[in-house]
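*Asks:* A single structure is presented below for examination.
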Amino acid sequence: MVLAQSKKIRRRIASVLEGDEQDSMLLFVDDAEELIGLGAEAPEIAVLVCDFDRPTEMAMLRRIRRELQLAIVVVSPPATATGVRRGLDAGADAIVFEPMIESTLAVTVSAVGSGQAVVPRELRASVQRPTLSHRERQVLTFVCDGLTNSQIAEQLFLSESTVKSHLSSAFAKFGVRSRREAAALFLEFDQSTPSEVTT
């Protein structure tokens with residue numbers, strides 16, 4: 001199952017996976033709705049083309065992860081360690097950069113089918129979950145509760161500019177640009193790593 005809108009990328013993926021053991025499930029879909037609509041009929045592995053710097057595409061990845069029980073291989077433009085971490089946190093089981101489709105996609109799909117997680121080797125050591133300070137966690141908790149910056153400042157006895165500074169730092173660590181994205185990632189992050197706190 002492949003979700004890719006670019007015909008050029010579709011052709012490249014098809015040429016790699018045709019004749020592979022995954023060929024029997026090589027079906028292209030146009031959008032997340034079509035993939036999610038398959039429900040229990042969805043295959044065990046999906047290949048999604050997704051740019052980690054595009055919030056709408058990241059939202060699509062998170063939604064597919066929430067709604068379907070399948071392994072996800074993401075084909076993306078080359079990304080930084082932060083972008084790759086963001087992709088993993090959003091639900092990717094493996095990441096293949098577009099220039100490497102021909103050399104790595106087939107083995108990556110095979111590895112994911114065997115229960116492995118795969119990231120580009122050059123980023124392996126630098127891909128880690130962001131470590132949030134105590135204050136950043138407090139501020140994000142209030143953001144999740146729907147409080148404004150001035151309300152958060154009042155609750156924590158801080159200036160509003162200090163709250164904004166903590167939010168900006170958290171946004172940079174998560175690689176997001178909005179409160180909504182930061183809150184969504186924080187909730188996922190907080191559930192999976194409750195003990196990762198620094199002061």
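Chain identifiers are assigned as A, B, and so on, following the order in which chains appear in the structure tokens; residues are numbered from 1 within each chain, and ligands are numbered from 1 in order of appearance.
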Report as a short mmCIF file (atom, residue, chain, number, x, y, z; two decimals) with N, CA, C and O atoms, in the first residue's frame: the residues of chain A with a DSSP assignment of helix (DSSP H, G or I), based on the backbone of this structure.

*Replies:*
```cif
data_model
loop_
_atom_site.label_atom_id
_atom_site.label_comp_id
_atom_site.auth_asym_id
_atom_site.auth_seq_id
_atom_site.Cartn_x
_atom_site.Cartn_y
_atom_site.Cartn_z
N LYS A 7 3.45 11.47 -9.30
CA LYS A 7 3.54 10.32 -10.22
C LYS A 7 4.98 9.84 -10.37
O LYS A 7 5.24 8.66 -10.51
N LYS A 8 5.91 10.78 -10.33
CA LYS A 8 7.32 10.42 -10.46
C LYS A 8 7.76 9.54 -9.28
O LYS A 8 8.41 8.50 -9.45
N ILE A 9 7.37 9.92 -8.05
CA ILE A 9 7.71 9.14 -6.86
C ILE A 9 7.01 7.78 -6.92
O ILE A 9 7.59 6.75 -6.59
N ARG A 10 5.75 7.77 -7.38
CA ARG A 10 5.02 6.50 -7.50
C ARG A 10 5.77 5.54 -8.42
O ARG A 10 5.91 4.36 -8.11
N ARG A 11 6.24 6.06 -9.56
CA ARG A 11 6.96 5.21 -10.51
C ARG A 11 8.24 4.65 -9.88
O ARG A 11 8.57 3.48 -10.05
N ARG A 12 8.96 5.50 -9.16
CA ARG A 12 10.20 5.04 -8.53
C ARG A 12 9.92 3.97 -7.47
O ARG A 12 10.62 2.96 -7.40
N ILE A 13 8.89 4.18 -6.66
CA ILE A 13 8.55 3.20 -5.63
C ILE A 13 8.10 1.89 -6.27
O ILE A 13 8.52 0.81 -5.86
N ALA A 14 7.25 2.00 -7.30
CA ALA A 14 6.76 0.80 -7.98
C ALA A 14 7.91 0.01 -8.59
O ALA A 14 7.95 -1.21 -8.49
N SER A 15 8.88 0.71 -9.20
CA SER A 15 9.98 0.00 -9.85
C SER A 15 10.84 -0.74 -8.83
O SER A 15 11.41 -1.79 -9.12
N VAL A 16 10.91 -0.22 -7.60
CA VAL A 16 11.69 -0.86 -6.55
C VAL A 16 10.93 -2.06 -5.96
O VAL A 16 11.52 -3.11 -5.71
N LEU A 17 9.63 -1.89 -5.74
CA LEU A 17 8.87 -2.93 -5.04
C LEU A 17 8.27 -3.99 -5.96
O LEU A 17 7.88 -5.05 -5.49
N GLU A 21 8.85 -9.33 -2.64
CA GLU A 21 7.80 -10.10 -1.97
C GLU A 21 6.63 -9.22 -1.56
O GLU A 21 5.54 -9.69 -1.30
N GLN A 22 6.85 -7.89 -1.49
CA GLN A 22 5.77 -6.98 -1.12
C GLN A 22 4.88 -6.63 -2.32
O GLN A 22 3.89 -5.94 -2.18
N ASP A 23 5.21 -7.12 -3.51
CA ASP A 23 4.50 -6.76 -4.73
C ASP A 23 3.01 -7.06 -4.65
O ASP A 23 2.19 -6.34 -5.21
N SER A 24 2.63 -8.12 -3.96
CA SER A 24 1.22 -8.50 -3.90
C SER A 24 0.37 -7.44 -3.22
O SER A 24 -0.83 -7.38 -3.42
N MET A 25 0.98 -6.58 -2.42
CA MET A 25 0.21 -5.54 -1.75
C MET A 25 0.49 -4.15 -2.34
O MET A 25 0.16 -3.15 -1.74
N ALA A 32 -5.10 10.14 2.61
CA ALA A 32 -5.23 9.43 3.88
C ALA A 32 -6.63 8.86 4.06
O ALA A 32 -6.79 7.77 4.62
N GLU A 33 -7.65 9.58 3.59
CA GLU A 33 -9.03 9.11 3.72
C GLU A 33 -9.21 7.76 3.05
O GLU A 33 -9.86 6.87 3.60
N GLU A 34 -8.65 7.62 1.86
CA GLU A 34 -8.77 6.36 1.13
C GLU A 34 -8.08 5.23 1.88
O GLU A 34 -8.61 4.11 1.98
N LEU A 35 -6.90 5.51 2.43
CA LEU A 35 -6.17 4.49 3.18
C LEU A 35 -6.92 4.12 4.45
O LEU A 35 -7.14 2.94 4.75
N ILE A 36 -7.35 5.12 5.22
CA ILE A 36 -8.07 4.87 6.46
C ILE A 36 -9.39 4.15 6.19
O ILE A 36 -9.81 3.29 6.96
N GLY A 37 -10.01 4.48 5.05
CA GLY A 37 -11.27 3.84 4.68
C GLY A 37 -11.17 2.34 4.50
O GLY A 37 -12.17 1.62 4.58
N GLY A 39 -9.75 0.38 6.57
CA GLY A 39 -9.93 -0.23 7.89
C GLY A 39 -9.16 -1.52 8.04
O GLY A 39 -7.96 -1.59 7.80
N ALA A 40 -9.88 -2.59 8.39
CA ALA A 40 -9.25 -3.90 8.61
C ALA A 40 -8.69 -4.50 7.33
O ALA A 40 -7.89 -5.43 7.37
N GLU A 41 -9.11 -3.97 6.18
CA GLU A 41 -8.61 -4.47 4.90
C GLU A 41 -7.24 -3.88 4.54
O GLU A 41 -6.63 -4.28 3.56
N PRO A 55 3.34 20.75 8.16
CA PRO A 55 2.43 20.38 9.25
C PRO A 55 1.24 19.53 8.80
O PRO A 55 0.83 18.61 9.51
N THR A 56 0.68 19.81 7.62
CA THR A 56 -0.48 19.03 7.18
C THR A 56 -0.09 17.58 6.92
O THR A 56 -0.87 16.66 7.21
N GLU A 57 1.10 17.36 6.39
CA GLU A 57 1.55 16.00 6.12
C GLU A 57 1.88 15.27 7.42
O GLU A 57 1.64 14.07 7.55
N MET A 58 2.41 15.99 8.39
CA MET A 58 2.67 15.39 9.70
C MET A 58 1.36 15.02 10.39
O MET A 58 1.25 13.98 11.03
N ALA A 59 0.35 15.89 10.25
CA ALA A 59 -0.96 15.59 10.83
C ALA A 59 -1.55 14.33 10.19
O ALA A 59 -2.15 13.49 10.86
N MET A 60 -1.35 14.19 8.87
CA MET A 60 -1.83 13.00 8.16
C MET A 60 -1.14 11.75 8.72
O MET A 60 -1.79 10.74 9.00
N LEU A 61 0.17 11.81 8.92
CA LEU A 61 0.92 10.68 9.45
C LEU A 61 0.41 10.30 10.84
O LEU A 61 0.16 9.12 11.13
N ARG A 62 0.22 11.30 11.71
CA ARG A 62 -0.28 11.02 13.06
C ARG A 62 -1.67 10.40 13.02
O ARG A 62 -1.98 9.47 13.77
N ARG A 63 -2.51 10.89 12.11
CA ARG A 63 -3.87 10.35 12.01
C ARG A 63 -3.87 8.90 11.55
O ARG A 63 -4.58 8.06 12.09
N ILE A 64 -3.06 8.60 10.55
CA ILE A 64 -2.98 7.22 10.06
C ILE A 64 -2.47 6.31 11.16
O ILE A 64 -2.99 5.22 11.37
N ARG A 65 -1.47 6.77 11.91
CA ARG A 65 -0.94 5.98 13.03
C ARG A 65 -2.03 5.71 14.07
O ARG A 65 -2.15 4.60 14.59
N ARG A 66 -2.84 6.73 14.38
CA ARG A 66 -3.89 6.57 15.37
C ARG A 66 -4.98 5.60 14.92
O ARG A 66 -5.49 4.81 15.70
N GLU A 67 -5.34 5.66 13.64
CA GLU A 67 -6.53 4.96 13.18
C GLU A 67 -6.29 3.58 12.58
O GLU A 67 -7.23 2.79 12.47
N ALA A 81 18.09 15.66 11.88
CA ALA A 81 17.79 14.72 12.96
C ALA A 81 16.49 15.11 13.66
O ALA A 81 15.69 14.26 14.04
N THR A 82 16.26 16.42 13.81
CA THR A 82 15.03 16.89 14.44
C THR A 82 13.82 16.48 13.62
O THR A 82 12.81 16.01 14.16
N GLY A 83 13.91 16.63 12.30
CA GLY A 83 12.80 16.23 11.43
C GLY A 83 12.55 14.74 11.50
O GLY A 83 11.39 14.30 11.56
N VAL A 84 13.61 13.96 11.50
CA VAL A 84 13.47 12.50 11.59
C VAL A 84 12.85 12.12 12.93
O VAL A 84 11.94 11.28 12.99
N ARG A 85 13.30 12.73 14.01
CA ARG A 85 12.72 12.45 15.33
C ARG A 85 11.23 12.79 15.33
O ARG A 85 10.40 12.06 15.89
N ARG A 86 10.89 13.92 14.70
CA ARG A 86 9.48 14.34 14.61
C ARG A 86 8.67 13.27 13.87
O ARG A 86 7.55 12.92 14.26
N GLY A 87 9.25 12.74 12.78
CA GLY A 87 8.56 11.70 12.01
C GLY A 87 8.36 10.43 12.81
O GLY A 87 7.30 9.82 12.78
N LEU A 88 9.38 10.03 13.57
CA LEU A 88 9.26 8.85 14.41
C LEU A 88 8.21 9.05 15.49
O LEU A 88 7.39 8.17 15.77
N ASP A 89 8.21 10.24 16.10
CA ASP A 89 7.23 10.53 17.14
C ASP A 89 5.81 10.57 16.58
O ASP A 89 4.85 10.27 17.28
N ALA A 90 5.68 10.96 15.31
CA ALA A 90 4.35 11.04 14.69
C ALA A 90 3.84 9.68 14.25
O ALA A 90 2.66 9.53 13.94
N GLU A 98 14.22 10.38 -0.07
CA GLU A 98 13.89 10.23 -1.50
C GLU A 98 15.08 9.86 -2.38
O GLU A 98 14.95 9.00 -3.25
N PRO A 99 16.26 10.49 -2.22
CA PRO A 99 17.38 10.11 -3.09
C PRO A 99 17.82 8.65 -2.92
O PRO A 99 18.53 8.11 -3.77
N MET A 100 17.41 8.01 -1.82
CA MET A 100 17.85 6.65 -1.52
C MET A 100 16.78 5.60 -1.81
O MET A 100 16.94 4.43 -1.44
N ILE A 101 15.69 5.97 -2.47
CA ILE A 101 14.59 5.02 -2.71
C ILE A 101 15.10 3.74 -3.36
O ILE A 101 14.82 2.63 -2.88
N GLU A 102 15.84 3.89 -4.44
CA GLU A 102 16.28 2.70 -5.19
C GLU A 102 17.20 1.80 -4.38
O GLU A 102 17.15 0.57 -4.50
N SER A 103 18.04 2.38 -3.55
CA SER A 103 19.02 1.55 -2.83
C SER A 103 18.53 1.04 -1.48
O SER A 103 19.06 0.05 -0.97
N THR A 104 17.52 1.68 -0.89
CA THR A 104 17.15 1.26 0.47
C THR A 104 15.69 0.92 0.71
O THR A 104 15.38 0.29 1.72
N LEU A 105 14.78 1.29 -0.18
CA LEU A 105 13.35 1.08 0.13
C LEU A 105 12.99 -0.39 0.30
O LEU A 105 12.32 -0.78 1.26
N ALA A 106 13.41 -1.24 -0.62
CA ALA A 106 13.03 -2.66 -0.54
C ALA A 106 13.53 -3.31 0.74
O ALA A 106 12.77 -4.01 1.42
N VAL A 107 14.79 -3.06 1.11
CA VAL A 107 15.31 -3.69 2.34
C VAL A 107 14.65 -3.08 3.58
O VAL A 107 14.46 -3.77 4.58
N THR A 108 14.29 -1.80 3.50
CA THR A 108 13.62 -1.16 4.63
C THR A 108 12.24 -1.76 4.84
O THR A 108 11.85 -2.08 5.97
N VAL A 109 11.48 -1.94 3.75
CA VAL A 109 10.15 -2.55 3.85
C VAL A 109 10.28 -3.95 4.43
O VAL A 109 9.50 -4.36 5.30
N SER A 110 11.28 -4.69 3.99
CA SER A 110 11.50 -6.04 4.50
C SER A 110 11.83 -6.02 5.99
O SER A 110 11.31 -6.82 6.77
N ALA A 111 12.69 -5.09 6.40
CA ALA A 111 13.06 -4.99 7.82
C ALA A 111 11.86 -4.63 8.68
O ALA A 111 11.65 -5.20 9.76
N VAL A 112 11.06 -3.68 8.22
CA VAL A 112 9.87 -3.28 8.97
C VAL A 112 8.89 -4.45 9.06
O VAL A 112 8.28 -4.68 10.10
N GLY A 113 8.80 -5.24 7.99
CA GLY A 113 7.95 -6.42 8.01
C GLY A 113 8.42 -7.44 9.04
O GLY A 113 7.63 -8.26 9.53
N ARG A 121 21.38 5.85 8.43
CA ARG A 121 22.54 5.60 9.29
C ARG A 121 23.21 6.89 9.77
O ARG A 121 23.61 7.00 10.92
N GLU A 122 23.32 7.88 8.88
CA GLU A 122 24.04 9.10 9.27
C GLU A 122 23.34 9.87 10.39
O GLU A 122 23.94 10.72 11.04
N LEU A 123 22.07 9.57 10.63
CA LEU A 123 21.34 10.28 11.69
C LEU A 123 21.09 9.41 12.91
O LEU A 123 20.52 9.88 13.89
N HIS A 134 11.89 21.35 33.25
CA HIS A 134 10.73 21.29 34.13
C HIS A 134 9.72 22.39 33.76
O HIS A 134 8.51 22.13 33.68
N ARG A 135 10.21 23.60 33.53
CA ARG A 135 9.32 24.72 33.19
C ARG A 135 8.65 24.51 31.83
O ARG A 135 7.47 24.81 31.66
N GLU A 136 9.40 24.01 30.86
CA GLU A 136 8.80 23.74 29.55
C GLU A 136 7.66 22.75 29.67
O GLU A 136 6.60 22.91 29.07
N ARG A 137 7.86 21.73 30.50
CA ARG A 137 6.79 20.74 30.72
C ARG A 137 5.58 21.38 31.40
O ARG A 137 4.44 21.10 31.05
N GLN A 138 5.85 22.22 32.39
CA GLN A 138 4.74 22.89 33.07
C GLN A 138 3.94 23.76 32.10
O GLN A 138 2.71 23.71 32.07
N VAL A 139 4.66 24.54 31.31
CA VAL A 139 4.00 25.44 30.36
C VAL A 139 3.19 24.63 29.35
O VAL A 139 2.02 24.95 29.05
N LEU A 140 3.77 23.57 28.82
CA LEU A 140 3.06 22.75 27.83
C LEU A 140 1.84 22.05 28.45
O LEU A 140 0.83 21.86 27.78
N THR A 141 1.94 21.69 29.71
CA THR A 141 0.78 21.08 30.38
C THR A 141 -0.38 22.07 30.40
O THR A 141 -1.53 21.71 30.10
N PHE A 142 -0.08 23.32 30.70
CA PHE A 142 -1.13 24.35 30.71
C PHE A 142 -1.64 24.65 29.30
O PHE A 142 -2.82 24.91 29.10
N VAL A 143 -0.74 24.61 28.31
CA VAL A 143 -1.16 24.78 26.92
C VAL A 143 -2.16 23.69 26.55
O VAL A 143 -3.19 23.95 25.92
N CYS A 144 -1.88 22.46 26.96
CA CYS A 144 -2.79 21.34 26.69
C CYS A 144 -4.15 21.54 27.36
O CYS A 144 -5.17 21.06 26.87
N ASN A 149 -1.21 32.44 27.24
CA ASN A 149 0.09 32.76 27.83
C ASN A 149 -0.06 33.57 29.11
O ASN A 149 0.66 33.34 30.09
N SER A 150 -0.98 34.53 29.13
CA SER A 150 -1.14 35.36 30.33
C SER A 150 -1.70 34.52 31.48
O SER A 150 -1.29 34.71 32.64
N GLN A 151 -2.59 33.59 31.20
CA GLN A 151 -3.11 32.71 32.25
C GLN A 151 -2.02 31.79 32.79
O GLN A 151 -1.95 31.53 34.00
N ILE A 152 -1.18 31.28 31.87
CA ILE A 152 -0.07 30.42 32.30
C ILE A 152 0.89 31.22 33.18
O ILE A 152 1.35 30.74 34.23
N ALA A 153 1.19 32.44 32.77
CA ALA A 153 2.09 33.30 33.54
C ALA A 153 1.55 33.52 34.95
O ALA A 153 2.30 33.45 35.94
N GLU A 154 0.25 33.74 35.04
CA GLU A 154 -0.38 33.95 36.35
C GLU A 154 -0.29 32.68 37.21
O GLU A 154 0.03 32.75 38.39
N GLN A 155 -0.53 31.53 36.62
CA GLN A 155 -0.48 30.26 37.35
C GLN A 155 0.92 29.95 37.87
O GLN A 155 1.07 29.41 38.96
N LEU A 156 1.94 30.27 37.05
CA LEU A 156 3.31 29.91 37.40
C LEU A 156 4.10 31.06 38.02
O LEU A 156 5.30 30.92 38.29
N GLU A 160 4.82 37.11 31.23
CA GLU A 160 4.31 36.53 29.99
C GLU A 160 5.45 36.30 29.00
O GLU A 160 5.45 35.32 28.26
N SER A 161 6.46 37.17 28.99
CA SER A 161 7.59 37.00 28.07
C SER A 161 8.39 35.74 28.42
O SER A 161 8.92 35.06 27.54
N THR A 162 8.47 35.40 29.72
CA THR A 162 9.17 34.17 30.12
C THR A 162 8.40 32.94 29.63
O THR A 162 8.99 31.96 29.15
N VAL A 163 7.08 32.99 29.73
CA VAL A 163 6.25 31.89 29.22
C VAL A 163 6.49 31.73 27.72
O VAL A 163 6.68 30.61 27.22
N LYS A 164 6.49 32.85 27.00
CA LYS A 164 6.73 32.80 25.55
C LYS A 164 8.10 32.21 25.24
O LYS A 164 8.27 31.45 24.29
N SER A 165 9.09 32.55 26.07
CA SER A 165 10.44 32.02 25.87
C SER A 165 10.46 30.51 26.06
O SER A 165 11.07 29.78 25.26
N HIS A 166 9.79 30.00 27.09
CA HIS A 166 9.71 28.55 27.31
C HIS A 166 8.98 27.87 26.16
O HIS A 166 9.38 26.79 25.71
N LEU A 167 7.92 28.50 25.68
CA LEU A 167 7.18 27.93 24.55
C LEU A 167 8.03 27.89 23.29
O LEU A 167 8.05 26.89 22.58
N SER A 168 8.76 28.98 23.03
CA SER A 168 9.63 29.02 21.84
C SER A 168 10.68 27.92 21.90
O SER A 168 10.98 27.27 20.90
N SER A 169 11.24 27.72 23.08
CA SER A 169 12.25 26.67 23.25
C SER A 169 11.64 25.29 23.00
O SER A 169 12.23 24.45 22.32
N ALA A 170 10.45 25.05 23.53
CA ALA A 170 9.77 23.76 23.32
C ALA A 170 9.42 23.57 21.86
O ALA A 170 9.57 22.47 21.31
N PHE A 171 8.95 24.64 21.19
CA PHE A 171 8.63 24.56 19.76
C PHE A 171 9.86 24.13 18.97
O PHE A 171 9.79 23.28 18.09
N ALA A 172 11.01 24.74 19.29
CA ALA A 172 12.25 24.41 18.58
C ALA A 172 12.64 22.96 18.82
O ALA A 172 13.07 22.27 17.89
N LYS A 173 12.50 22.49 20.04
CA LYS A 173 12.87 21.10 20.35
C LYS A 173 11.97 20.10 19.63
O LYS A 173 12.42 19.05 19.19
N PHE A 174 10.68 20.43 19.52
CA PHE A 174 9.74 19.55 18.83
C PHE A 174 9.73 19.78 17.32
O PHE A 174 9.17 18.99 16.57
N ARG A 179 0.95 26.17 18.76
CA ARG A 179 0.60 25.63 20.08
C ARG A 179 -0.10 24.28 19.93
O ARG A 179 0.12 23.37 20.71
N ARG A 180 -0.97 24.18 18.92
CA ARG A 180 -1.73 22.95 18.72
C ARG A 180 -0.79 21.77 18.42
O ARG A 180 -0.92 20.69 19.00
N GLU A 181 0.16 21.99 17.52
CA GLU A 181 1.13 20.93 17.19
C GLU A 181 1.96 20.56 18.42
O GLU A 181 2.19 19.38 18.69
N ALA A 182 2.41 21.59 19.15
CA ALA A 182 3.24 21.35 20.33
C ALA A 182 2.45 20.56 21.37
O ALA A 182 2.98 19.61 21.97
N ALA A 183 1.19 20.91 21.57
CA ALA A 183 0.37 20.20 22.55
C ALA A 183 0.17 18.75 22.15
O ALA A 183 0.28 17.84 22.98
N ALA A 184 -0.10 18.51 20.86
CA ALA A 184 -0.31 17.13 20.39
C ALA A 184 0.95 16.29 20.59
O ALA A 184 0.88 15.16 21.09
N LEU A 185 2.11 16.85 20.22
CA LEU A 185 3.35 16.11 20.38
C LEU A 185 3.70 15.91 21.85
O LEU A 185 4.19 14.85 22.25
N PHE A 186 3.44 16.93 22.66
CA PHE A 186 3.73 16.82 24.09
C PHE A 186 2.92 15.71 24.73
O PHE A 186 3.43 14.93 25.53
N LEU A 187 1.65 15.61 24.36
CA LEU A 187 0.80 14.55 24.92
C LEU A 187 1.34 13.18 24.54
O LEU A 187 1.42 12.27 25.37
N GLU A 188 1.72 13.00 23.26
CA GLU A 188 2.29 11.72 22.82
C GLU A 188 3.61 11.45 23.53
O GLU A 188 3.87 10.36 24.02
N PHE A 189 4.46 12.47 23.56
CA PHE A 189 5.78 12.39 24.17
C PHE A 189 5.66 12.07 25.66
O PHE A 189 6.34 11.21 26.19
N ASP A 190 4.74 12.77 26.34
CA ASP A 190 4.59 12.63 27.77
C ASP A 190 4.10 11.23 28.15
O ASP A 190 4.52 10.67 29.16
N GLN A 191 3.24 10.65 27.33
CA GLN A 191 2.74 9.31 27.61
C GLN A 191 3.82 8.25 27.42
O GLN A 191 3.85 7.26 28.12
N SER A 192 4.70 8.49 26.43
CA SER A 192 5.71 7.45 26.15
C SER A 192 6.99 7.60 26.96
O SER A 192 7.71 6.65 27.14
#
```

*Asks:* Please indicate the distance in Å from atom CA of Gln5 of chain A to atom CA of Ile45 of chain A, rounded to one decimal place.

*Replies:*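 Between atom CA of Gln5 of chain A and atom CA of Ile45 of chain A the gap works out to 17.9 Å.
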
*Asks:* Skip Ser76 of chain A itself and residues of its chain fewer than 3 positions away, then list as a list of chain:residue names all residues within 9 Å of it, counting only C-alpha atoms.

*Replies:*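 My reading of the contact set: A:Leu48, A:Val49, A:Cys50, A:Asp51, A:Phe52, A:Ala79, A:Ile95, A:Val96, A:Phe97, A:Glu98.
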
*Asks:* Could you check how far atom CA of Ser114 of chain A sits from atom CA of Pro130 of chain A, in Å to one decimal?

*Replies:*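 Between atom CA of Ser114 of chain A and atom CA of Pro130 of chain A the gap works out to 27.6 Å.
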
*Asks:* Determine which residues of segment 1-192 of chain A receive a DSSP assignment of strand (DSSP E), computed from the backbone, and state them as a list in words.

*Replies:*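 Those in segment 1-192 of chain A that DSSP calls strand (DSSP E) are Val2, Leu3, Phe28, Val29, Ile45, Ala46, Val47, Leu48, Val49, Ala71, Ile72, Val73, Val74, Val75, Ser76, Ala94, Ile95, Val96, Phe97, Leu132 and Ser133 of chain A.
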
*Asks:* At what distance in Å, to one decimal, does atom CA of Asp93 of chain A lie from atom CA of Gln116 of chain A?

*Replies:*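 Atom CA of Asp93 of chain A lies 7.7 Å from atom CA of Gln116 of chain A.
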
*Asks:* Looking at A:Leu38, A:Phe28, A:Leu158, A:Val119, which one is nearest to Val74 of chain A, with distances taken over only C-alpha atoms?

*Replies:* A:Val119
